[in-house]
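Data first, discussion second: the structure below is written as structure tokens.
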Amino acid sequence: MQYGTRQHDIICLSSQGWDEPMWTNKQHIMSRLAREHRVLHADYGALPLPLYMKKRFMQRPTDFTSPFKVLTNGVVHRGGNLWTATHWLPLCAWGLPRDSRLRDYLWHDLKVRFVKDFAHEQAQNKPIAWVYHPVYGDAVERLDKKLLVYDCVDNYAAFPKYRDKAWLMEREKRLCERADLVFTTSEPLYEIKRKYNPENTFLVHNVGDAEHFNKALDPGCEIPQELEEIRKKGPVIGFVGAVSNYKLNLDWVMHVARQKPEYQVVLIGPIGMSDPNTNVKELEAIDNIHMLGVRSYQSLPQYIKGFDVAVIPYRLNDYTESVFPIKFFEFLASGKPVVISPLPSVKEFYDDVLVAHHGDEFVQHCEAVINGAETDISRQSRRLELAAENSWPKRIGELMHHIERKLDEKGLL
């Protein structure tokens, strides 16, 4: 699929690292755009010098023939039209207060300097600055660009790890006001952000990779051995994503495990992401809860194939009221029945999944699925149809349509 009518240079100031195993909007969108456009993905945050050097050596050992370049230029060509960028900081930088001008420079402006040098040396045209995190709200002004896009996929101020929420919200407000386009992935995010830039704010909700997760339906797709061993003990209730207390309802997870000890609850994903206070000791003490940790994106259809029911038991709070989980359409694409908590962002799809409003209802819905309540082939066909209609080509096509239109409005043909 062609994403846009013209080739662009795109600098993505991301909210995560390119090599993180849990792919989200950033990798999905930028990897596809890089098929036709020149893309530089700037990783979020920074690394201590030893980790930075190790990462650079693993990526490009030949660069170490020029040590000065390694230390002063964090841009690495990853093949084709894709580059990634990161940078290192001395340990003392981690202790600076958030509102420190020096901290702001070291963490954000310095990264923009790297990508600015890249744009000057490598880009064929002025780049599109595509921002995913509000901390870049001021630093991005230093970048010579033809368009500023803010793709808002989360309510960052609701993350537990951000203590100075007022600082972050003010930074995001300025970013929205300055942006040529603001994209939001859910209705609640749209309602919040359009106050700052009403004419240029658009709702383009999240999607999933239907083609990839359809593999779970392939008879040749093999369930991993570790999951097969768990399946021998009983039906599997499966979740894929961050095991973080601020969004995953750990109480519901433990409740279904205790009420149905013959069921096996499988959690795939990192523990405590964005919520360092997450405590999983109680989960670990329950025999039929299995925390497998992070598994590769490529292998996820194999794991989901081994689920009897896929679940998204999120808490309802300031964060989840705005979130549209990518895993929603990924699960639908696998054909599996899905049980969710009542997330506002997916309300239009409630008829196609089972919605639990409390812990007991969550248990009841999981039990109903395992007992055959969702075996109607028309229900599965509907899930697959929805997933096919809501895959990445559609979302990226909508985003690029707005971008091309805005460039035409500005006379940047």
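By convention in this document, the chains of the structure tokens carry letters A, B, ... by their order, each chain's residues are numbered from 1, and ligands are numbered from 1 in the order they are shown.
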
What lies within 12 Å of Ile340 in chain A using only C-alpha atoms, ignoring chain neighbours under 4 positions off, as a PyMOL selection string? chain A and resi 238-239+248-249+252+309-316+324-325+327-328+331-332+344-347+349-359+361-363+365-366

Can those selected residues be exported to a file as an mmCIF file, in the first residue's frame so that it contains N, CA and C atoms?
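Saved as result36.cif:
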data_model
loop_
_atom_site.group_PDB
_atom_site.id
_atom_site.type_symbol
_atom_site.label_atom_id
_atom_site.label_comp_id
_atom_site.auth_asym_id
_atom_site.auth_seq_id
_atom_site.Cartn_x
_atom_site.Cartn_y
_atom_site.Cartn_z
ATOM 1 N N GLY A 238 -5.790 -16.049 28.748
ATOM 2 C CA GLY A 238 -4.527 -15.421 28.383
ATOM 3 C C GLY A 238 -4.583 -13.915 28.232
ATOM 4 N N PHE A 239 -3.508 -13.270 28.658
ATOM 5 C CA PHE A 239 -3.335 -11.815 28.517
ATOM 6 C C PHE A 239 -1.943 -11.551 27.970
ATOM 7 N N LEU A 248 -3.499 -2.960 34.598
ATOM 8 C CA LEU A 248 -4.013 -4.325 34.649
ATOM 9 C C LEU A 248 -4.630 -4.583 36.019
ATOM 10 N N ASN A 249 -5.874 -5.022 36.024
ATOM 11 C CA ASN A 249 -6.579 -5.270 37.277
ATOM 12 C C ASN A 249 -6.107 -6.601 37.868
ATOM 13 N N TRP A 252 -8.727 -8.777 39.659
ATOM 14 C CA TRP A 252 -9.552 -9.642 38.817
ATOM 15 C C TRP A 252 -8.770 -10.893 38.404
ATOM 16 N N VAL A 309 -9.440 -18.303 25.935
ATOM 17 C CA VAL A 309 -10.082 -16.990 25.947
ATOM 18 C C VAL A 309 -9.000 -15.941 26.146
ATOM 19 N N ALA A 310 -9.069 -14.863 25.370
ATOM 20 C CA ALA A 310 -8.138 -13.740 25.502
ATOM 21 C C ALA A 310 -8.814 -12.639 26.296
ATOM 22 N N VAL A 311 -8.071 -12.028 27.211
ATOM 23 C CA VAL A 311 -8.713 -11.061 28.114
ATOM 24 C C VAL A 311 -7.937 -9.744 28.163
ATOM 25 N N ILE A 312 -8.692 -8.676 28.402
ATOM 26 C CA ILE A 312 -8.113 -7.351 28.647
ATOM 27 C C ILE A 312 -8.792 -6.796 29.905
ATOM 28 N N PRO A 313 -8.398 -7.285 31.078
ATOM 29 C CA PRO A 313 -9.039 -6.858 32.333
ATOM 30 C C PRO A 313 -8.381 -5.604 32.909
ATOM 31 N N TYR A 314 -8.579 -4.473 32.251
ATOM 32 C CA TYR A 314 -7.964 -3.224 32.702
ATOM 33 C C TYR A 314 -8.775 -2.593 33.828
ATOM 34 N N ARG A 315 -8.068 -1.897 34.698
ATOM 35 C CA ARG A 315 -8.739 -1.054 35.681
ATOM 36 C C ARG A 315 -9.391 0.115 34.958
ATOM 37 N N LEU A 316 -10.346 0.762 35.603
ATOM 38 C CA LEU A 316 -10.915 1.994 35.068
ATOM 39 C C LEU A 316 -10.368 3.157 35.887
ATOM 40 N N PHE A 324 -6.761 3.084 24.076
ATOM 41 C CA PHE A 324 -7.353 2.153 23.108
ATOM 42 C C PHE A 324 -6.312 1.071 22.869
ATOM 43 N N PRO A 325 -6.434 -0.075 23.531
ATOM 44 C CA PRO A 325 -5.368 -1.090 23.465
ATOM 45 C C PRO A 325 -5.213 -1.669 22.059
ATOM 46 N N LYS A 327 -3.910 -4.371 21.490
ATOM 47 C CA LYS A 327 -4.186 -5.802 21.626
ATOM 48 C C LYS A 327 -5.659 -6.131 21.382
ATOM 49 N N PHE A 328 -6.543 -5.138 21.437
ATOM 50 C CA PHE A 328 -7.965 -5.408 21.211
ATOM 51 C C PHE A 328 -8.175 -6.016 19.825
ATOM 52 N N PHE A 331 -6.217 -9.423 19.286
ATOM 53 C CA PHE A 331 -6.951 -10.585 19.780
ATOM 54 C C PHE A 331 -8.073 -10.975 18.821
ATOM 55 N N LEU A 332 -8.813 -9.967 18.317
ATOM 56 C CA LEU A 332 -9.892 -10.265 17.381
ATOM 57 C C LEU A 332 -9.351 -10.943 16.129
ATOM 58 N N PRO A 344 -14.016 2.782 27.755
ATOM 59 C CA PRO A 344 -14.823 3.712 26.948
ATOM 60 C C PRO A 344 -14.400 3.768 25.484
ATOM 61 N N SER A 345 -13.103 3.612 25.212
ATOM 62 C CA SER A 345 -12.603 3.796 23.852
ATOM 63 C C SER A 345 -13.105 2.733 22.876
ATOM 64 N N VAL A 346 -13.483 1.558 23.366
ATOM 65 C CA VAL A 346 -13.927 0.484 22.468
ATOM 66 C C VAL A 346 -15.427 0.218 22.605
ATOM 67 N N LYS A 347 -16.158 1.195 23.093
ATOM 68 C CA LYS A 347 -17.584 1.017 23.363
ATOM 69 C C LYS A 347 -18.360 0.594 22.125
ATOM 70 N N PHE A 349 -17.639 -1.419 19.999
ATOM 71 C CA PHE A 349 -17.426 -2.830 19.679
ATOM 72 C C PHE A 349 -17.904 -3.766 20.791
ATOM 73 N N TYR A 350 -18.623 -3.236 21.764
ATOM 74 C CA TYR A 350 -19.067 -4.056 22.889
ATOM 75 C C TYR A 350 -19.872 -5.277 22.445
ATOM 76 N N ASP A 351 -20.656 -5.153 21.373
ATOM 77 C CA ASP A 351 -21.506 -6.265 20.944
ATOM 78 C C ASP A 351 -20.697 -7.454 20.437
ATOM 79 N N ASP A 352 -19.429 -7.226 20.144
ATOM 80 C CA ASP A 352 -18.613 -8.270 19.534
ATOM 81 C C ASP A 352 -17.656 -8.943 20.519
ATOM 82 N N VAL A 353 -17.697 -8.511 21.774
ATOM 83 C CA VAL A 353 -16.885 -9.111 22.834
ATOM 84 C C VAL A 353 -17.763 -9.276 24.068
ATOM 85 N N LEU A 354 -17.201 -9.839 25.121
ATOM 86 C CA LEU A 354 -17.912 -9.934 26.397
ATOM 87 C C LEU A 354 -17.331 -8.894 27.346
ATOM 88 N N VAL A 355 -18.203 -8.083 27.945
ATOM 89 C CA VAL A 355 -17.776 -6.955 28.777
ATOM 90 C C VAL A 355 -18.103 -7.256 30.233
ATOM 91 N N ALA A 356 -17.085 -7.240 31.080
ATOM 92 C CA ALA A 356 -17.253 -7.506 32.517
ATOM 93 C C ALA A 356 -17.158 -6.209 33.299
ATOM 94 N N HIS A 357 -18.116 -5.972 34.177
ATOM 95 C CA HIS A 357 -18.140 -4.738 34.954
ATOM 96 C C HIS A 357 -17.611 -4.923 36.374
ATOM 97 N N HIS A 358 -17.407 -6.153 36.782
ATOM 98 C CA HIS A 358 -16.845 -6.422 38.110
ATOM 99 C C HIS A 358 -16.191 -7.797 38.085
ATOM 100 N N GLY A 359 -15.482 -8.132 39.149
ATOM 101 C CA GLY A 359 -14.698 -9.351 39.193
ATOM 102 C C GLY A 359 -15.504 -10.622 38.999
ATOM 103 N N GLU A 361 -18.323 -10.953 37.401
ATOM 104 C CA GLU A 361 -18.777 -11.040 36.008
ATOM 105 C C GLU A 361 -17.619 -11.436 35.089
ATOM 106 N N PHE A 362 -16.420 -11.009 35.440
ATOM 107 C CA PHE A 362 -15.239 -11.411 34.675
ATOM 108 C C PHE A 362 -15.083 -12.936 34.725
ATOM 109 N N VAL A 363 -15.231 -13.509 35.907
ATOM 110 C CA VAL A 363 -15.159 -14.969 36.060
ATOM 111 C C VAL A 363 -16.261 -15.646 35.253
ATOM 112 N N HIS A 365 -17.897 -14.591 32.583
ATOM 113 C CA HIS A 365 -17.685 -14.516 31.133
ATOM 114 C C HIS A 365 -16.594 -15.488 30.683
ATOM 115 N N CYS A 366 -15.506 -15.568 31.453
ATOM 116 C CA CYS A 366 -14.439 -16.508 31.100
ATOM 117 C C CYS A 366 -14.965 -17.936 31.133
#

How close does range 291-325 of chain A get to range 193-216 of chain A? List, as a Markdown table, each residue of range 291-325 of chain A within 7 Å, its nearest atom pair and the distance in Å to one decimal, counting only C-alpha atoms.
| residue | atom | partner | partner_atom | distance |
| --- | --- | --- | --- | --- |
| A:Pro301 | CA | A:Ala216 | CA | 4.8 |
| A:Gln302 | CA | A:Ala216 | CA | 5.9 |
| A:Ile304 | CA | A:Ala216 | CA | 6.7 |
| A:Lys305 | CA | A:Ala216 | CA | 4.9 |
| A:Phe324 | CA | A:Asn206 | CA | 6.1 |

Report as a list in words all protein, DNA and RNA residues lying within 9 Å of His133 in chain A, evaluated on only C-alpha atoms, omitting residues in the same chain fewer than 5 positions from it.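 Within the cut-off, the hits are Leu13, Ser14, Ser15, Tyr44, Tyr150, Asp151, Cys152, Val153, Asp154, Tyr156 and Glu172 of chain A.
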
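As for CA of Gly17 in chain A and CA of Thr86 in chain A, they are spaced 8.4 Å apart.
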
Residues within 12 Å of Glu228 in chain A, please, as a ChimeraX atom specification. Count only C-alpha atoms; anything in the same chain fewer than 2 positions from it doesn't count. /A:222-226,230-236,264,266,302-307

For the residues selected in the previous step, produce a file with N, CA and C atoms as an mmCIF file, in the first residue's frame.
data_model
loop_
_atom_site.group_PDB
_atom_site.id
_atom_site.type_symbol
_atom_site.label_atom_id
_atom_site.label_comp_id
_atom_site.auth_asym_id
_atom_site.auth_seq_id
_atom_site.Cartn_x
_atom_site.Cartn_y
_atom_site.Cartn_z
ATOM 1 N N GLU A 222 2.323 -23.544 15.400
ATOM 2 C CA GLU A 222 2.531 -24.430 16.549
ATOM 3 C C GLU A 222 2.518 -23.658 17.863
ATOM 4 N N ILE A 223 1.773 -24.151 18.824
ATOM 5 C CA ILE A 223 1.750 -23.570 20.159
ATOM 6 C C ILE A 223 3.088 -23.871 20.839
ATOM 7 N N PRO A 224 3.734 -22.873 21.441
ATOM 8 C CA PRO A 224 5.030 -23.110 22.103
ATOM 9 C C PRO A 224 4.934 -24.198 23.168
ATOM 10 N N GLN A 225 6.014 -24.943 23.325
ATOM 11 C CA GLN A 225 6.014 -26.079 24.237
ATOM 12 C C GLN A 225 5.689 -25.671 25.666
ATOM 13 N N GLU A 226 6.210 -24.503 26.120
ATOM 14 C CA GLU A 226 5.952 -24.095 27.510
ATOM 15 C C GLU A 226 4.460 -23.862 27.748
ATOM 16 N N ILE A 230 1.378 -26.034 30.055
ATOM 17 C CA ILE A 230 0.365 -25.386 30.907
ATOM 18 C C ILE A 230 -1.035 -25.836 30.506
ATOM 19 N N ARG A 231 -1.272 -25.987 29.215
ATOM 20 C CA ARG A 231 -2.589 -26.393 28.714
ATOM 21 C C ARG A 231 -2.981 -27.787 29.197
ATOM 22 N N LYS A 232 -2.016 -28.608 29.492
ATOM 23 C CA LYS A 232 -2.316 -29.945 30.002
ATOM 24 C C LYS A 232 -3.006 -29.885 31.369
ATOM 25 N N LYS A 233 -2.817 -28.764 32.066
ATOM 26 C CA LYS A 233 -3.393 -28.613 33.411
ATOM 27 C C LYS A 233 -4.829 -28.092 33.378
ATOM 28 N N GLY A 234 -5.238 -27.478 32.246
ATOM 29 C CA GLY A 234 -6.595 -26.965 32.169
ATOM 30 C C GLY A 234 -6.715 -25.852 31.142
ATOM 31 N N PRO A 235 -7.942 -25.346 30.922
ATOM 32 C CA PRO A 235 -8.185 -24.273 29.951
ATOM 33 C C PRO A 235 -7.371 -23.023 30.301
ATOM 34 N N VAL A 236 -6.978 -22.281 29.261
ATOM 35 C CA VAL A 236 -6.086 -21.142 29.447
ATOM 36 C C VAL A 236 -6.815 -19.813 29.221
ATOM 37 N N GLN A 264 -6.115 -22.081 33.951
ATOM 38 C CA GLN A 264 -4.733 -21.605 33.999
ATOM 39 C C GLN A 264 -4.684 -20.176 33.443
ATOM 40 N N VAL A 266 -2.517 -17.142 32.103
ATOM 41 C CA VAL A 266 -1.199 -16.912 31.510
ATOM 42 C C VAL A 266 -1.039 -15.427 31.203
ATOM 43 N N GLN A 302 1.508 -17.542 18.030
ATOM 44 C CA GLN A 302 1.629 -18.921 18.494
ATOM 45 C C GLN A 302 1.123 -19.067 19.929
ATOM 46 N N TYR A 303 1.442 -18.073 20.757
ATOM 47 C CA TYR A 303 0.975 -18.124 22.139
ATOM 48 C C TYR A 303 -0.537 -17.925 22.215
ATOM 49 N N ILE A 304 -1.044 -16.946 21.460
ATOM 50 C CA ILE A 304 -2.481 -16.660 21.512
ATOM 51 C C ILE A 304 -3.286 -17.843 20.990
ATOM 52 N N LYS A 305 -2.723 -18.588 20.043
ATOM 53 C CA LYS A 305 -3.403 -19.787 19.555
ATOM 54 C C LYS A 305 -3.683 -20.753 20.708
ATOM 55 N N GLY A 306 -2.822 -20.746 21.726
ATOM 56 C CA GLY A 306 -2.993 -21.642 22.863
ATOM 57 C C GLY A 306 -3.945 -21.130 23.934
ATOM 58 N N PHE A 307 -4.515 -19.927 23.742
ATOM 59 C CA PHE A 307 -5.493 -19.394 24.695
ATOM 60 C C PHE A 307 -6.876 -19.971 24.382
#

Which residue out of A:Glu20, A:Asp104, A:Glu282, A:Asp164 has the minimum interatomic distance to Arg258 in chain A when only C-alpha atoms are used?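 When distances to Arg258 in chain A are compared using only C-alpha atoms, the smallest one comes from A:Glu282.
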
What separation in Å, quoted to one decimal, exists between CA of Pro67 in chain A and CA of Leu49 in chain A?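 Calculated distance between CA of Pro67 in chain A and CA of Leu49 in chain A is 12.9 Å.
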
Expected answer as an mmCIF file with C-alpha atoms, in the first residue's frame: strand (DSSP E) residues in range 256-372 of chain A:
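And here's part_11.cif as it stands now:
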data_model
loop_
_atom_site.group_PDB
_atom_site.id
_atom_site.type_symbol
_atom_site.label_atom_id
_atom_site.label_comp_id
_atom_site.auth_asym_id
_atom_site.auth_seq_id
_atom_site.Cartn_x
_atom_site.Cartn_y
_atom_site.Cartn_z
ATOM 1 C CA GLN A 264 -4.733 -21.605 33.999
ATOM 2 C CA VAL A 265 -4.102 -17.835 33.814
ATOM 3 C CA VAL A 266 -1.199 -16.912 31.510
ATOM 4 C CA LEU A 267 0.317 -13.419 31.538
ATOM 5 C CA ILE A 268 2.797 -12.534 28.787
ATOM 6 C CA ILE A 289 -1.122 -18.084 37.446
ATOM 7 C CA HIS A 290 1.807 -18.275 35.052
ATOM 8 C CA MET A 291 3.850 -15.140 34.322
ATOM 9 C CA LEU A 292 5.918 -15.967 31.270
ATOM 10 C CA GLY A 293 7.581 -12.581 30.854
ATOM 11 C CA VAL A 309 -10.082 -16.990 25.947
ATOM 12 C CA ALA A 310 -8.138 -13.740 25.502
ATOM 13 C CA VAL A 311 -8.713 -11.061 28.114
ATOM 14 C CA ILE A 312 -8.113 -7.351 28.647
ATOM 15 C CA VAL A 338 -12.351 -11.766 24.034
ATOM 16 C CA VAL A 339 -13.401 -10.632 27.525
ATOM 17 C CA ILE A 340 -12.718 -7.004 28.469
ATOM 18 C CA LEU A 354 -17.912 -9.934 26.397
ATOM 19 C CA VAL A 355 -17.776 -6.955 28.777
#

If you run DSSP on the backbone here, which positions in range 207-356 of chain A get alpha helix (DSSP H)? Please write them as a ChimeraX atom specification. /A:210-213,225-231,250-259,281-284,300-305,326-333

Selection file, C-alpha atoms, as a compact mmCIF listing (two decimals), in the first residue's frame:
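What ended up in selection.txt:
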# COMPACT_ATOMS: atom_id res chain seq x y z
CA ALA A 210 -4.56 -8.37 11.32
CA GLU A 211 -2.26 -10.20 8.91
CA HIS A 212 0.22 -11.10 11.64
CA PHE A 213 -2.30 -12.28 14.24
CA GLN A 225 6.01 -26.08 24.24
CA GLU A 226 5.95 -24.10 27.51
CA LEU A 227 2.33 -23.18 26.86
CA GLU A 228 1.43 -26.70 25.81
CA GLU A 229 2.65 -27.91 29.20
CA ILE A 230 0.36 -25.39 30.91
CA ARG A 231 -2.59 -26.39 28.71
CA LEU A 250 -4.49 -7.71 39.28
CA ASP A 251 -7.42 -8.25 41.67
CA TRP A 252 -9.55 -9.64 38.82
CA VAL A 253 -6.67 -11.83 37.67
CA MET A 254 -6.27 -13.34 41.15
CA HIS A 255 -10.04 -13.62 41.60
CA VAL A 256 -10.57 -15.78 38.52
CA ALA A 257 -7.54 -17.91 39.42
CA ARG A 258 -8.87 -18.53 42.92
CA GLN A 259 -12.49 -19.08 41.88
CA LYS A 281 4.19 -11.49 44.93
CA GLU A 282 0.53 -12.46 45.44
CA LEU A 283 0.25 -13.54 41.80
CA GLU A 284 3.42 -15.60 42.08
CA LEU A 300 2.74 -13.91 19.86
CA PRO A 301 0.27 -15.54 17.41
CA GLN A 302 1.63 -18.92 18.49
CA TYR A 303 0.97 -18.12 22.14
CA ILE A 304 -2.48 -16.66 21.51
CA LYS A 305 -3.40 -19.79 19.55
CA ILE A 326 -3.70 -2.30 20.27
CA LYS A 327 -4.19 -5.80 21.63
CA PHE A 328 -7.96 -5.41 21.21
CA PHE A 329 -7.84 -5.88 17.43
CA GLU A 330 -4.85 -8.22 17.68
CA PHE A 331 -6.95 -10.58 19.78
CA LEU A 332 -9.89 -10.26 17.38
CA ALA A 333 -7.57 -11.06 14.45

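All residues of protein, DNA or RNA that reach within 6 Å of Leu148 in chain A, judged by only C-alpha atoms and not counting those fewer than 3 positions away in the chain, are A:Ala129, A:Ala179, A:Asp180.
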
For the residues selected in the previous step, produce a file with N, CA and C atoms as a compact mmCIF listing (two decimals), in the first residue's frame.
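So the final result, stored in again33.txt, reads:
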# COMPACT_ATOMS: atom_id res chain seq x y z
N ALA A 129 8.40 16.47 11.44
CA ALA A 129 8.68 16.10 12.83
C ALA A 129 7.43 15.43 13.39
N ALA A 179 1.45 22.41 17.10
CA ALA A 179 1.42 21.36 16.08
C ALA A 179 0.56 21.77 14.89
N ASP A 180 1.01 21.37 13.71
CA ASP A 180 0.20 21.53 12.52
C ASP A 180 -0.94 20.52 12.50
